[in-house]
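Engineer: You'll find query_8.cif just under this line, and it carries mmCIF, C-alpha atoms.
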data_protein
#
loop_
_atom_site.group_PDB
_atom_site.id
_atom_site.type_symbol
_atom_site.label_atom_id
_atom_site.label_comp_id
_atom_site.auth_asym_id
_atom_site.auth_seq_id
_atom_site.Cartn_x
_atom_site.Cartn_y
_atom_site.Cartn_z
ATOM 1 C CA MET M 15 39.485 -117.796 30.473
ATOM 2 C CA ALA M 16 36.709 -120.073 31.720
ATOM 3 C CA LYS M 17 33.130 -119.097 30.928
ATOM 4 C CA THR M 18 32.078 -116.225 33.147
ATOM 5 C CA LYS M 19 29.266 -113.684 33.414
ATOM 6 C CA VAL M 20 29.977 -110.351 31.757
ATOM 7 C CA LEU M 21 27.963 -107.141 32.004
ATOM 8 C CA ILE M 22 28.151 -104.723 29.039
ATOM 9 C CA THR M 23 26.546 -101.308 28.703
ATOM 10 C CA LEU M 24 26.165 -99.778 25.256
ATOM 11 C CA GLY M 25 24.485 -97.003 23.290
ATOM 12 C CA PRO M 26 23.494 -93.482 24.336
ATOM 13 C CA THR M 27 21.206 -92.277 27.070
ATOM 14 C CA GLN M 28 18.403 -89.752 26.584
ATOM 15 C CA GLU M 29 18.018 -87.115 29.292
ATOM 16 C CA PRO M 30 14.532 -85.523 29.087
ATOM 17 C CA ILE M 31 14.054 -81.759 28.888
ATOM 18 C CA ASP M 32 10.268 -81.924 28.599
ATOM 19 C CA ASP M 33 7.766 -84.589 27.534
ATOM 20 C CA ILE M 34 9.098 -84.789 23.953
ATOM 21 C CA ARG M 35 12.647 -83.379 23.951
ATOM 22 C CA PHE M 36 15.863 -84.794 25.347
ATOM 23 C CA ILE M 37 19.669 -84.401 25.470
ATOM 24 C CA SER M 38 21.589 -87.258 23.873
ATOM 25 C CA ASN M 39 24.653 -88.019 21.724
ATOM 26 C CA LYS M 40 25.746 -89.751 18.504
ATOM 27 C CA SER M 41 26.545 -93.172 20.003
ATOM 28 C CA SER M 42 25.214 -96.002 17.827
ATOM 29 C CA GLY M 43 26.005 -98.890 20.191
ATOM 30 C CA ARG M 44 28.033 -100.669 17.480
ATOM 31 C CA MET M 45 31.180 -100.981 19.594
ATOM 32 C CA GLY M 46 29.316 -102.457 22.542
ATOM 33 C CA ALA M 47 27.390 -104.822 20.276
ATOM 34 C CA ALA M 48 30.661 -106.027 18.728
ATOM 35 C CA LEU M 49 32.094 -106.624 22.207
ATOM 36 C CA ALA M 50 28.999 -108.585 23.219
ATOM 37 C CA GLU M 51 29.106 -110.702 20.055
ATOM 38 C CA GLU M 52 32.782 -111.509 20.527
ATOM 39 C CA GLY M 53 32.240 -112.357 24.202
ATOM 40 C CA ILE M 54 29.500 -114.827 23.247
ATOM 41 C CA LYS M 55 31.784 -116.406 20.632
ATOM 42 C CA ARG M 56 34.369 -116.917 23.364
ATOM 43 C CA GLY M 57 31.818 -118.700 25.507
ATOM 44 C CA HIS M 58 30.911 -116.046 28.049
ATOM 45 C CA ASP M 59 27.475 -115.354 29.533
ATOM 46 C CA ILE M 60 26.650 -111.822 28.367
ATOM 47 C CA THR M 61 24.142 -109.379 29.835
ATOM 48 C CA ILE M 62 23.618 -106.152 27.868
ATOM 49 C CA ILE M 63 22.167 -102.976 29.363
ATOM 50 C CA HIS M 64 21.503 -100.664 26.433
ATOM 51 C CA GLY M 65 20.191 -97.226 25.687
ATOM 52 C CA PRO M 66 18.014 -96.501 22.630
ATOM 53 C CA VAL M 67 19.806 -98.145 19.668
ATOM 54 C CA SER M 68 18.828 -99.475 16.256
ATOM 55 C CA VAL M 69 21.831 -101.758 15.685
ATOM 56 C CA PRO M 70 21.218 -105.523 16.003
ATOM 57 C CA LEU M 71 22.141 -106.990 19.369
ATOM 58 C CA PRO M 72 23.213 -110.628 19.737
ATOM 59 C CA GLY M 73 20.251 -112.907 20.364
ATOM 60 C CA ALA M 74 22.158 -115.077 22.838
ATOM 61 C CA ALA M 75 22.637 -112.179 25.263
ATOM 62 C CA LYS M 76 20.269 -111.116 28.016
ATOM 63 C CA LYS M 77 19.142 -107.599 27.085
ATOM 64 C CA ILE M 78 17.856 -104.863 29.393
ATOM 65 C CA PRO M 79 16.674 -101.644 27.668
ATOM 66 C CA VAL M 80 16.917 -98.287 29.451
ATOM 67 C CA SER M 81 16.623 -94.635 28.435
ATOM 68 C CA THR M 82 18.219 -92.318 30.993
ATOM 69 C CA ALA M 83 21.538 -92.261 32.830
ATOM 70 C CA LYS M 84 19.712 -92.973 36.102
ATOM 71 C CA GLU M 85 17.914 -95.960 34.599
ATOM 72 C CA MET M 86 21.220 -97.295 33.297
ATOM 73 C CA LEU M 87 22.888 -96.877 36.687
ATOM 74 C CA ASP M 88 19.976 -98.565 38.459
ATOM 75 C CA ALA M 89 20.094 -101.496 36.006
ATOM 76 C CA VAL M 90 23.857 -101.874 36.396
ATOM 77 C CA LEU M 91 23.577 -101.911 40.189
ATOM 78 C CA ALA M 92 20.851 -104.563 39.932
ATOM 79 C CA GLU M 93 22.942 -106.814 37.664
ATOM 80 C CA TYR M 94 26.618 -106.368 38.596
ATOM 81 C CA ASN M 95 26.756 -108.534 41.691
ATOM 82 C CA ASP M 96 27.522 -111.929 40.133
ATOM 83 C CA CYS M 97 29.546 -110.610 37.187
ATOM 84 C CA TYR M 98 33.298 -111.031 36.816
ATOM 85 C CA ILE M 99 33.790 -108.391 34.108
ATOM 86 C CA PHE M 100 32.024 -105.055 33.567
ATOM 87 C CA ILE M 101 32.520 -103.401 30.161
ATOM 88 C CA SER M 102 31.207 -99.838 30.313
ATOM 89 C CA ALA M 103 30.885 -99.068 26.586
ATOM 90 C CA ALA M 104 27.746 -96.904 26.808
ATOM 91 C CA ALA M 105 28.011 -93.198 26.044
ATOM 92 C CA VAL M 106 26.174 -92.119 29.175
ATOM 93 C CA ALA M 107 25.229 -88.435 29.144
ATOM 94 C CA ASP M 108 27.591 -86.420 31.327
ATOM 95 C CA TYR M 109 24.792 -84.043 32.320
ATOM 96 C CA THR M 110 21.058 -84.268 32.897
ATOM 97 C CA PRO M 111 18.489 -81.484 33.465
ATOM 98 C CA VAL M 112 17.862 -80.569 37.094
ATOM 99 C CA GLU M 113 14.139 -80.289 36.328
ATOM 100 C CA ILE M 114 11.974 -81.756 33.555
ATOM 101 C CA ALA M 115 9.386 -79.308 32.258
ATOM 102 C CA PRO M 116 5.827 -80.666 32.275
ATOM 103 C CA GLY M 117 4.251 -81.066 28.843
ATOM 104 C CA LYS M 118 6.018 -79.394 25.921
ATOM 105 C CA ILE M 119 8.017 -76.190 26.289
ATOM 106 C CA LYS M 120 6.563 -73.574 23.933
ATOM 107 C CA SER M 121 8.759 -73.077 20.862
ATOM 108 C CA GLY M 122 10.100 -69.705 19.720
ATOM 109 C CA GLN M 123 11.291 -68.518 23.129
ATOM 110 C CA GLU M 124 14.692 -68.476 24.789
ATOM 111 C CA ILE M 125 15.111 -70.986 27.582
ATOM 112 C CA THR M 126 17.885 -71.718 30.069
ATOM 113 C CA LEU M 127 18.644 -75.304 31.014
ATOM 114 C CA HIS M 128 20.132 -76.040 34.420
ATOM 115 C CA LEU M 129 22.142 -79.251 34.248
ATOM 116 C CA LYS M 130 23.710 -81.477 36.883
ATOM 117 C CA PRO M 131 26.418 -84.097 36.367
ATOM 118 C CA THR M 132 25.415 -87.754 36.173
ATOM 119 C CA PRO M 133 27.159 -90.420 38.295
ATOM 120 C CA LYS M 134 30.069 -92.260 36.680
ATOM 121 C CA LEU M 135 29.159 -95.919 36.239
ATOM 122 C CA ILE M 136 32.648 -97.334 36.663
ATOM 123 C CA HIS M 137 33.186 -95.352 39.869
ATOM 124 C CA GLU M 138 29.932 -96.582 41.385
ATOM 125 C CA VAL M 139 30.686 -100.210 40.461
ATOM 126 C CA ARG M 140 34.298 -100.022 41.684
ATOM 127 C CA LYS M 141 33.140 -98.813 45.103
ATOM 128 C CA LEU M 142 30.883 -101.853 45.451
ATOM 129 C CA ALA M 143 33.059 -104.440 43.678
ATOM 130 C CA PRO M 144 36.761 -103.730 44.277
ATOM 131 C CA ASP M 145 37.869 -107.008 42.674
ATOM 132 C CA MET M 146 35.769 -106.811 39.498
ATOM 133 C CA ARG M 147 37.578 -106.397 36.189
ATOM 134 C CA ILE M 148 36.338 -103.135 34.697
ATOM 135 C CA VAL M 149 36.773 -101.881 31.140
ATOM 136 C CA ALA M 150 36.051 -98.189 30.596
ATOM 137 C CA PHE M 151 35.729 -96.136 27.413
ATOM 138 C CA LYS M 152 37.158 -92.649 27.091
ATOM 139 C CA VAL M 153 36.025 -90.378 24.265
ATOM 140 C CA GLU M 154 37.790 -87.057 23.750
ATOM 141 C CA SER M 155 37.925 -84.358 21.101
ATOM 142 C CA GLY M 156 41.454 -82.997 20.902
ATOM 143 C CA GLY M 157 44.039 -82.935 23.666
ATOM 144 C CA ASP M 158 46.167 -85.783 24.985
ATOM 145 C CA LEU M 159 43.810 -88.741 24.669
ATOM 146 C CA VAL M 160 46.092 -91.274 26.369
ATOM 147 C CA ALA M 161 46.813 -88.980 29.319
ATOM 148 C CA ARG M 162 43.090 -88.428 29.863
ATOM 149 C CA ALA M 163 42.464 -92.170 29.629
ATOM 150 C CA LYS M 164 45.077 -92.866 32.308
ATOM 151 C CA GLU M 165 43.020 -90.768 34.728
ATOM 152 C CA LEU M 166 40.359 -93.519 34.660
ATOM 153 C CA LEU M 167 42.756 -96.254 35.780
ATOM 154 C CA GLU M 168 41.888 -95.499 39.401
ATOM 155 C CA ASP M 169 38.552 -97.222 38.746
ATOM 156 C CA ALA M 170 39.219 -99.269 35.587
ATOM 157 C CA ASP M 171 41.648 -102.050 34.732
ATOM 158 C CA LEU M 172 41.581 -101.261 31.005
ATOM 159 C CA VAL M 173 40.558 -98.059 29.206
ATOM 160 C CA VAL M 174 39.624 -97.997 25.526
ATOM 161 C CA ALA M 175 40.345 -94.456 24.343
ATOM 162 C CA ASN M 176 39.253 -92.958 21.047
ATOM 163 C CA ASP M 177 38.523 -89.651 19.366
ATOM 164 C CA ALA M 178 34.926 -88.424 19.362
ATOM 165 C CA SER M 179 34.886 -88.453 15.552
ATOM 166 C CA ALA M 180 34.433 -92.261 15.629
ATOM 167 C CA MET M 181 31.058 -92.094 17.374
ATOM 168 C CA GLY M 182 28.353 -93.603 15.164
ATOM 169 C CA SER M 183 30.804 -94.924 12.553
ATOM 170 C CA ASP M 184 31.598 -98.518 11.511
ATOM 171 C CA THR M 185 35.326 -98.181 12.188
ATOM 172 C CA ASN M 186 37.471 -96.866 14.983
ATOM 173 C CA GLU M 187 41.039 -96.199 16.055
ATOM 174 C CA VAL M 188 41.741 -96.744 19.724
ATOM 175 C CA TYR M 189 44.384 -96.893 22.407
ATOM 176 C CA LEU M 190 44.106 -99.725 24.923
ATOM 177 C CA VAL M 191 45.436 -98.164 28.119
ATOM 178 C CA SER M 192 46.269 -100.188 31.233
ATOM 179 C CA LYS M 193 48.627 -99.879 34.185
ATOM 180 C CA THR M 194 51.171 -101.960 32.252
ATOM 181 C CA GLY M 195 51.219 -100.019 29.002
ATOM 182 C CA VAL M 196 49.469 -98.640 25.932
ATOM 183 C CA GLU M 197 48.542 -100.515 22.735
ATOM 184 C CA HIS M 198 47.433 -98.758 19.563
ATOM 185 C CA VAL M 199 44.779 -100.548 17.464
ATOM 186 C CA GLY M 200 43.391 -99.441 14.099
ATOM 187 C CA PRO M 201 42.033 -97.816 12.134
ATOM 188 C CA ALA M 202 39.999 -101.017 11.987
ATOM 189 C CA SER M 203 36.471 -102.360 12.090
ATOM 190 C CA LYS M 204 34.802 -102.341 15.471
ATOM 191 C CA LYS M 205 34.687 -106.141 15.219
ATOM 192 C CA LEU M 206 38.498 -106.291 15.067
ATOM 193 C CA ILE M 207 38.793 -103.784 17.908
ATOM 194 C CA ALA M 208 36.404 -105.899 20.012
ATOM 195 C CA ASN M 209 38.735 -108.848 19.334
ATOM 196 C CA ALA M 210 41.707 -106.841 20.595
ATOM 197 C CA VAL M 211 39.857 -105.816 23.769
ATOM 198 C CA TRP M 212 38.883 -109.423 24.516
ATOM 199 C CA ASP M 213 42.468 -110.561 23.886
ATOM 200 C CA GLU M 214 43.436 -108.254 26.751
ATOM 201 C CA LEU M 215 40.777 -109.821 28.989
ATOM 202 C CA ASP M 216 41.023 -113.547 28.135
#
What's the structure tokens form of this structure?

Structural biologist:
Amino acid sequence: MAKTKVLITLGPTQEPIDDIRFISNKSSGRMGAALAEEGIKRGHDITIIHGPVSVPLPGAAKKIPVSTAKEMLDAVLAEYNDCYIFISAAAVADYTPVEIAPGKIKSGQEITLHLKPTPKLIHEVRKLAPDMRIVAFKVESGGDLVARAKELLEDADLVVANDASAMGSDTNEVYLVSKTGVEHVGPASKKLIANAVWDELD
């Protein structure tokens, strides 16, 4: 593939409950970072939109830090327009609090959180860019992982599906699910899995 602009999201989001607490997840951003590094090696122009992560990100990439699901969506919608590929590797929170409490909620008391679903990045991008190549990630705990991944093919061209136990680890085992078939990769390093994903794209 000729050099092209690629947009990659990675890491978790943090959905605030009050001024100091938030809802998040175990995503380290390692998979997205490996995908960005491999894309740069293959000569692509990489833009990374990332949640709070401590893993090193490739210096040659443009990097846009965000915290919340809304900030990530806003950044994606600001950057997607001239991209050919969108790799949605971030573990965006599925829910966010309806209201953020001012200050700090007093400890030692029961509280009830009212949550609302966050928008799905790949769905929002697909609506605006029907011809863009989109890679989605599907994380599940139990159940038919491949069947659940196939549900995303309405919006994505390729779905990388893995068990939730791999979040935050250095290795992974995935299924690469597309309309033409399913490929099993791993257990392997996230670097090798990033290679396999790019082989599907290039």

Engineer: Which one is closest to Glu187 of chain M: M:Ala170, M:Met45, M:Ile78, M:Ile22? Count all atoms listed in the file.

Structural biologist: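 Nearest candidate to Glu187 of chain M out of M:Ala170, M:Met45, M:Ile78, M:Ile22: M:Met45.
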
Engineer: Calculated over all atoms listed in the file, which of the candidates M:Leu142, M:Ile148, M:Ile31, M:Val112 has the smallest distance to Lys130 of chain M?

Structural biologist: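 The closest residue to Lys130 of chain M is M:Val112.
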
Engineer: Since I can't run it myself right now, could you work out what the PyMOL selection byres ((chain M and resi 53) around 10) selects here and report it as a short mmCIF file (atom, residue, chain, number, x, y, z; two decimals) with C-alpha atoms, in the frame of the given file?

Structural biologist:
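Full text of out00.cif as output:
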data_model
loop_
_atom_site.label_atom_id
_atom_site.label_comp_id
_atom_site.auth_asym_id
_atom_site.auth_seq_id
_atom_site.Cartn_x
_atom_site.Cartn_y
_atom_site.Cartn_z
CA LYS M 17 33.13 -119.10 30.93
CA THR M 18 32.08 -116.22 33.15
CA LYS M 19 29.27 -113.68 33.41
CA VAL M 20 29.98 -110.35 31.76
CA ILE M 22 28.15 -104.72 29.04
CA ALA M 47 27.39 -104.82 20.28
CA ALA M 48 30.66 -106.03 18.73
CA LEU M 49 32.09 -106.62 22.21
CA ALA M 50 29.00 -108.58 23.22
CA GLU M 51 29.11 -110.70 20.06
CA GLU M 52 32.78 -111.51 20.53
CA ILE M 54 29.50 -114.83 23.25
CA LYS M 55 31.78 -116.41 20.63
CA ARG M 56 34.37 -116.92 23.36
CA GLY M 57 31.82 -118.70 25.51
CA HIS M 58 30.91 -116.05 28.05
CA ASP M 59 27.48 -115.35 29.53
CA ILE M 60 26.65 -111.82 28.37
CA ALA M 75 22.64 -112.18 25.26
CA ALA M 208 36.40 -105.90 20.01
CA ASN M 209 38.74 -108.85 19.33
CA TRP M 212 38.88 -109.42 24.52
CA ASP M 216 41.02 -113.55 28.14
#

Engineer: For this file, the PyMOL selection byres ((chain M and resi 64) around 7) selects which residues, as a PDB file with C-alpha atoms, keeping the file's coordinate frame?

Structural biologist:
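As written to disk, expr_2.pdb reads:
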ATOM      1  CA  THR M  23      26.546-101.308  28.703  1.00  0.00           C
ATOM      2  CA  LEU M  24      26.165 -99.778  25.256  1.00  0.00           C
ATOM      3  CA  GLY M  25      24.485 -97.003  23.290  1.00  0.00           C
ATOM      4  CA  ILE M  62      23.618-106.152  27.868  1.00  0.00           C
ATOM      5  CA  ILE M  63      22.167-102.976  29.363  1.00  0.00           C
ATOM      6  CA  GLY M  65      20.191 -97.226  25.687  1.00  0.00           C
ATOM      7  CA  PRO M  66      18.014 -96.501  22.630  1.00  0.00           C
ATOM      8  CA  ILE M  78      17.856-104.863  29.393  1.00  0.00           C
ATOM      9  CA  PRO M  79      16.674-101.644  27.668  1.00  0.00           C
ATOM     10  CA  VAL M  80      16.917 -98.287  29.451  1.00  0.00           C
TER      11      VAL M  80
END

Engineer: Would you mind listing what lies within 10 Å of segment 195-200 of chain M as a VMD selection string, with all atoms listed in the file counted and same-chain residues fewer than 3 positions away left out?

Structural biologist: chain M and resid 160 164 172 to 175 185 to 192 203 to 204 206 to 207 210 to 211

Engineer: Could you please determine the separation between atom CA of Ser41 of chain M and atom CA of Pro26 of chain M in Å, to one decimal place?

Structural biologist: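 Calculated distance between atom CA of Ser41 of chain M and atom CA of Pro26 of chain M is 5.3 Å.
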
Engineer: List the neighbours of Glu29 of chain M out to 8 Å using only C-alpha atoms; skip same-chain residues closer than 4 positions along the sequence, and give me the result as an MDAnalysis selection string.

Structural biologist: chainID M and resid 36:38 81:83 107 110:111

Engineer: Please expand the PyMOL selection byres ((chain M and resi 153) around 10) into the concrete residues it hits in this file, giving the result as a VMD selection string.

Structural biologist: chain M and resid 105 151 to 152 154 to 156 159 162 to 163 174 to 181 188

Engineer: Counting only C-alpha atoms, I want the residues whose atoms come within 7 Å of (28.2, -102.2, 39.9) in the file frame, returned as a PyMOL selection string.

Structural biologist: chain M and resi 90-91+94-95+138-140+142-143

Engineer: Generate a file of the selected residues that holds C-alpha atoms, formatted as a CSV table (one decimal), in the coordinates of the input.

Structural biologist:
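Output contents, as saved in selection_3.csv:
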chain,number,residue,atom,x,y,z
M,90,VAL,CA,23.9,-101.9,36.4
M,91,LEU,CA,23.6,-101.9,40.2
M,94,TYR,CA,26.6,-106.4,38.6
M,95,ASN,CA,26.8,-108.5,41.7
M,138,GLU,CA,29.9,-96.6,41.4
M,139,VAL,CA,30.7,-100.2,40.5
M,140,ARG,CA,34.3,-100.0,41.7
M,142,LEU,CA,30.9,-101.9,45.5
M,143,ALA,CA,33.1,-104.4,43.7

Engineer: Once you add 5 Å to each side, what are the centre and edge lengths of the axis-aligned box holding all listed atoms of segment 123-128 of chain M? One decimal in Å, as AutoDock Vina command-line options, if you can.

Structural biologist:
--center_x 15.7 --center_y -72.3 --center_z 28.8 --size_x 18.8 --size_y 17.6 --size_z 21.3

Engineer: Work out how far apart atom CA of Asp169 of chain M and atom CA of Glu85 of chain M are and give it in Å to one decimal.

Structural biologist: 21.1 Å

Engineer: For Val69 of chain M, which residue out of M:Asn39, M:Thr194, M:Ser183, M:Ser121 is the nearest one, using all atoms listed in the file?

Structural biologist: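 Residue with the minimum atom-to-atom distance to Val69 of chain M: M:Ser183.
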
Engineer: From the options M:Val149, M:Leu21, M:Leu129, M:Ala92, which residue's atoms come nearest to Asp108 of chain M, counting only C-alpha atoms?

Structural biologist: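 Residue with the minimum atom-to-atom distance to Asp108 of chain M: M:Leu129.
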
Engineer: In the coordinates of the file, take the point (27.5, -97.8, 34.2) and a cut-off of 7 Å; then, counting all atoms listed in the file, name each qualifying protein, DNA or RNA residue as a PyMOL selection string.

Structural biologist: chain M and resi 23+86-87+90+102+134-136
